[in-house]
Amino acid sequence: MARDHSTTNPFVFARPIDPADLVDREPELALLAERFATGVNTRLSSPRDYGKTSLLRRALAEARDSGMGAVLVDLYGVRTPAQAAAQIERAYESLPAGPFRRALIALRRRGGQLGLQTPVAGASVAIAGAGGERALLDSLDLPLGIHERTGSRMVVAFDEFQAVLGADLDGLIRSVIQHHGDGVTYVFCGSHPGMMLSLFADRRRPFYGQAAPLELGRLPRDRLAAYIAERFERTGRDPDDALGWLLDLVDGHPQRSMLLAHLLWRHTPEGERAGDGAWAAAHEEAWAYLQGDFEATWDGLSRVEAGVVEAVAAGVQSLTGKLAREVHGLPRGSAAPEAARRLVERGLLAGPSGELDLVDPVLARWVAAGRRWPSPW
């Protein structure tokens, strides 16, 4: 394999990675491609930092390569219909030159139908006309209009879709897209699995049963090991035994894996192996990145929630049993299971009752070590 002697660190951890650098996820990509082609809507959920956005970008890029139109709408922080409409309009500005772009321009030239007015090549969005709800209804109809003008399928991915729960917009959104038939396929993505479940599994919500589930888990150890080792080798380095220590610590967590690999690479000079010293230095530096997040997470827990997190980190699954009460201070009754339910909704815990786990295995190690950064070995 040819070596790349660039000094650029090949491990990205602070932003979504390039679609070409996605680690594994081939089964998920194949399933999404099948659903795109057959018009099956998907609810894609994963804890934060599990690579959901990177997966989406790769899937949408492959959809475009196959002749579909595809847009990614980021709903993070949306609180009103006008804000949702603005984010949708911004997403359509990313359509490349070609038939889909021409269809978009033609729709906007029809004269005043859209409640939003945007420069076709610009980034700014100004609310105009009939108000936020009218603007949202019109922007939601854009993919159907593009499909009707081009004859090609559109794929629309809503990222951070759980935001519509707080803004109570799911009914308004469904009132439009339920009429889009086979010409538009939707992906509803969220980084709070509990909130996504509330949107799609609660019979009282408009999106109940409206999308097939797809959940992202941790990365397989063998695929992650191969990914890291290949990038070390490509840049003239050898992760050596430190790769095993890294994999043990991160336990398949995508973002934590990239963070530790980034730091290990930084402490391994070109042409050398990552020995004990490089791993110890990377492990120590990682704490500078994680300390604020971990301590803020802990400080935000109630007393019972903290006891639940401690119990789960220690491997205790019966939150009402003797061990949970005597060792972790959990009360009798329903308080601990109810606290666990809240933590699942917030994305800190995952799994059904009796099989709970902390979403972040590195955080679990810290909690289990008495909220101390554990030894690197």
# chains A, B, ... in the order shown; residues from 1 in each chain; ligands from 1
$ select_by_dssp --residues "segment 203-242 of chain A" --states "strand (DSSP E)" --output "PyMOL selection string"
chain A and resi 212-215
$ closest_atom_pairs --of "segment 54-109 of chain A" --to "segment 140-149 of chain A" --cutoff "8 Å" --atoms "only C-alpha atoms" --output "tab-separated table"
residue	atom	partner	partner_atom	distance
A:Ala85	CA	A:Leu140	CA	7.7
A:Ile88	CA	A:Leu140	CA	7.5
A:Phe100	CA	A:Ile146	CA	6.4
A:Ala103	CA	A:Ile146	CA	5.4
A:Leu104	CA	A:Ile146	CA	6.3
A:Leu107	CA	A:Gly145	CA	7.2
$ residues_around --residues "Arg221 of chain A" --least-positions-apart "5" --cutoff "9 Å" --atoms "only C-alpha atoms" --output "PyMOL selection string"
chain A and resi 226+247+251-252
$ write_last_selection --atoms "N, CA and C atoms" --output "JSON list (two decimals), in the first residue's frame"
[["chain", "number", "residue", "atom", "x", "y", "z"],
["A", 226, "ALA", "N", -9.52, -2.48, 11.60],
["A", 226, "ALA", "CA", -8.97, -2.42, 10.25],
["A", 226, "ALA", "C", -8.91, -0.98, 9.73],
["A", 247, "LEU", "N", -9.15, 0.11, 21.43],
["A", 247, "LEU", "CA", -10.42, -0.56, 21.16],
["A", 247, "LEU", "C", -11.11, -1.01, 22.44],
["A", 251, "ASP", "N", -14.80, 0.72, 22.98],
["A", 251, "ASP", "CA", -15.84, -0.30, 22.84],
["A", 251, "ASP", "C", -16.81, 0.01, 21.70],
["A", 252, "GLY", "N", -16.27, 0.42, 20.56],
["A", 252, "GLY", "CA", -17.10, 0.61, 19.37],
["A", 252, "GLY", "C", -17.82, 1.93, 19.27]]
$ residues_around --residues "Gly51 of chain A" --least-positions-apart "2" --cutoff "8 Å" --atoms "only C-alpha atoms" --output "list of chain:residue names"
A:Pro16, A:Arg48, A:Asp49, A:Thr53, A:Ser54, A:Leu55, A:Pro254, A:Gln255
$ write_last_selection --atoms "C-alpha atoms" --output "CSV table (one decimal), in the first residue's frame"
chain,number,residue,atom,x,y,z
A,16,PRO,CA,-19.1,14.6,10.6
A,48,ARG,CA,-25.5,11.5,19.4
A,49,ASP,CA,-22.0,11.0,18.0
A,53,THR,CA,-25.1,12.4,9.9
A,54,SER,CA,-22.1,10.9,8.1
A,55,LEU,CA,-24.2,7.9,7.2
A,254,PRO,CA,-17.8,6.0,16.8
A,255,GLN,CA,-16.8,9.5,18.0
$ residues_around --residues "Pro81 of chain A" --least-positions-apart "6" --cutoff "6 Å" --atoms "only C-alpha atoms" --output "PDB file with N, CA and C atoms, in the first residue's frame"
ATOM      1  N   GLY A 132     -45.649  31.979   9.137  1.00  0.00           N
ATOM      2  CA  GLY A 132     -44.818  30.798   9.318  1.00  0.00           C
ATOM      3  C   GLY A 132     -45.461  29.497   8.883  1.00  0.00           C
ATOM      4  N   GLU A 133     -46.709  29.245   9.261  1.00  0.00           N
ATOM      5  CA  GLU A 133     -47.338  27.976   8.907  1.00  0.00           C
ATOM      6  C   GLU A 133     -47.533  27.854   7.401  1.00  0.00           C
ATOM      7  N   LEU A 136     -44.206  27.074   5.878  1.00  0.00           N
ATOM      8  CA  LEU A 136     -43.806  25.688   6.095  1.00  0.00           C
ATOM      9  C   LEU A 136     -44.569  24.746   5.169  1.00  0.00           C
TER      10      LEU A 136
END
$ residues_around --residues "Ala242 of chain A" --least-positions-apart "2" --cutoff "7 Å" --atoms "only C-alpha atoms" --output "ChimeraX atom specification"
/A:239-240,244-246,274-275,279
$ write_last_selection --atoms "N, CA and C atoms" --output "PDB file, in the first residue's frame"
ATOM      1  N   PRO A 239       0.099   1.327  14.726  1.00  0.00           N
ATOM      2  CA  PRO A 239      -0.559   1.466  16.037  1.00  0.00           C
ATOM      3  C   PRO A 239      -0.127   0.405  17.042  1.00  0.00           C
ATOM      4  N   ASP A 240       0.418  -0.703  16.561  1.00  0.00           N
ATOM      5  CA  ASP A 240       0.992  -1.753  17.406  1.00  0.00           C
ATOM      6  C   ASP A 240       0.014  -2.156  18.519  1.00  0.00           C
ATOM      7  N   GLY A 244      -5.092  -2.239  20.452  1.00  0.00           N
ATOM      8  CA  GLY A 244      -5.933  -3.057  21.318  1.00  0.00           C
ATOM      9  C   GLY A 244      -6.396  -2.300  22.546  1.00  0.00           C
ATOM     10  N   TRP A 245      -5.513  -1.518  23.151  1.00  0.00           N
ATOM     11  CA  TRP A 245      -5.901  -0.743  24.333  1.00  0.00           C
ATOM     12  C   TRP A 245      -6.966   0.295  23.945  1.00  0.00           C
ATOM     13  N   LEU A 246      -6.788   0.913  22.786  1.00  0.00           N
ATOM     14  CA  LEU A 246      -7.763   1.894  22.313  1.00  0.00           C
ATOM     15  C   LEU A 246      -9.133   1.247  22.111  1.00  0.00           C
ATOM     16  N   ALA A 274       3.411   2.856  17.799  1.00  0.00           N
ATOM     17  CA  ALA A 274       2.768   3.507  18.950  1.00  0.00           C
ATOM     18  C   ALA A 274       2.999   2.644  20.186  1.00  0.00           C
ATOM     19  N   GLY A 275       4.000   2.983  20.938  1.00  0.00           N
ATOM     20  CA  GLY A 275       4.324   2.209  22.127  1.00  0.00           C
ATOM     21  C   GLY A 275       3.569   2.677  23.357  1.00  0.00           C
ATOM     22  N   TRP A 279       0.587   5.774  23.761  1.00  0.00           N
ATOM     23  CA  TRP A 279      -0.762   5.501  24.235  1.00  0.00           C
ATOM     24  C   TRP A 279      -1.037   6.241  25.544  1.00  0.00           C
TER      25      TRP A 279
END
$ atom_distance --atom1 "atom CA of Val40 of chain A" --atom2 "atom CA of Tyr208 of chain A"
14.7 Å
$ residues_around --residues "Ala211 of chain A" --least-positions-apart "4" --cutoff "7 Å" --atoms "only C-alpha atoms" --output "short mmCIF file (atom, residue, chain, number, x, y, z; two decimals) with N, CA and C atoms, in the first residue's frame"
data_model
loop_
_atom_site.label_atom_id
_atom_site.label_comp_id
_atom_site.auth_asym_id
_atom_site.auth_seq_id
_atom_site.Cartn_x
_atom_site.Cartn_y
_atom_site.Cartn_z
N ASN A 41 -40.39 4.87 3.70
CA ASN A 41 -39.86 5.88 4.60
C ASN A 41 -39.15 5.22 5.78
N THR A 42 -38.13 5.91 6.33
CA THR A 42 -37.30 5.35 7.39
C THR A 42 -37.23 6.31 8.56
N ARG A 43 -37.31 5.78 9.77
CA ARG A 43 -36.91 6.57 10.94
C ARG A 43 -35.57 6.03 11.40
#
$ closest_residue --among "A:Leu31, A:Leu172, A:Val250, A:Ala14" --to "Arg218 of chain A" --atoms "only C-alpha atoms"
A:Val250
$ select_by_dssp --residues "segment 296-348 of chain A" --states "helix (DSSP H, G or I)" --output "MDAnalysis selection string"
chainID A and resid 296:299 303:313 322:328 335:345
$ closest_residue --among "A:Leu301, A:Ala336, A:Val362, A:Leu216" --to "Asp24 of chain A" --atoms "only C-alpha atoms"
A:Leu216
$ closest_residue --among "A:Leu197, A:Arg234, A:Arg273, A:Lys322" --to "Pro213 of chain A" --atoms "only C-alpha atoms"
A:Leu197
$ atom_distance --atom1 "atom CA of Pro19 of chain A" --atom2 "atom CA of Leu60 of chain A"
9.6 Å
$ atom_distance --atom1 "atom CA of Arg223 of chain A" --atom2 "atom CA of Ala261 of chain A"
14.0 Å
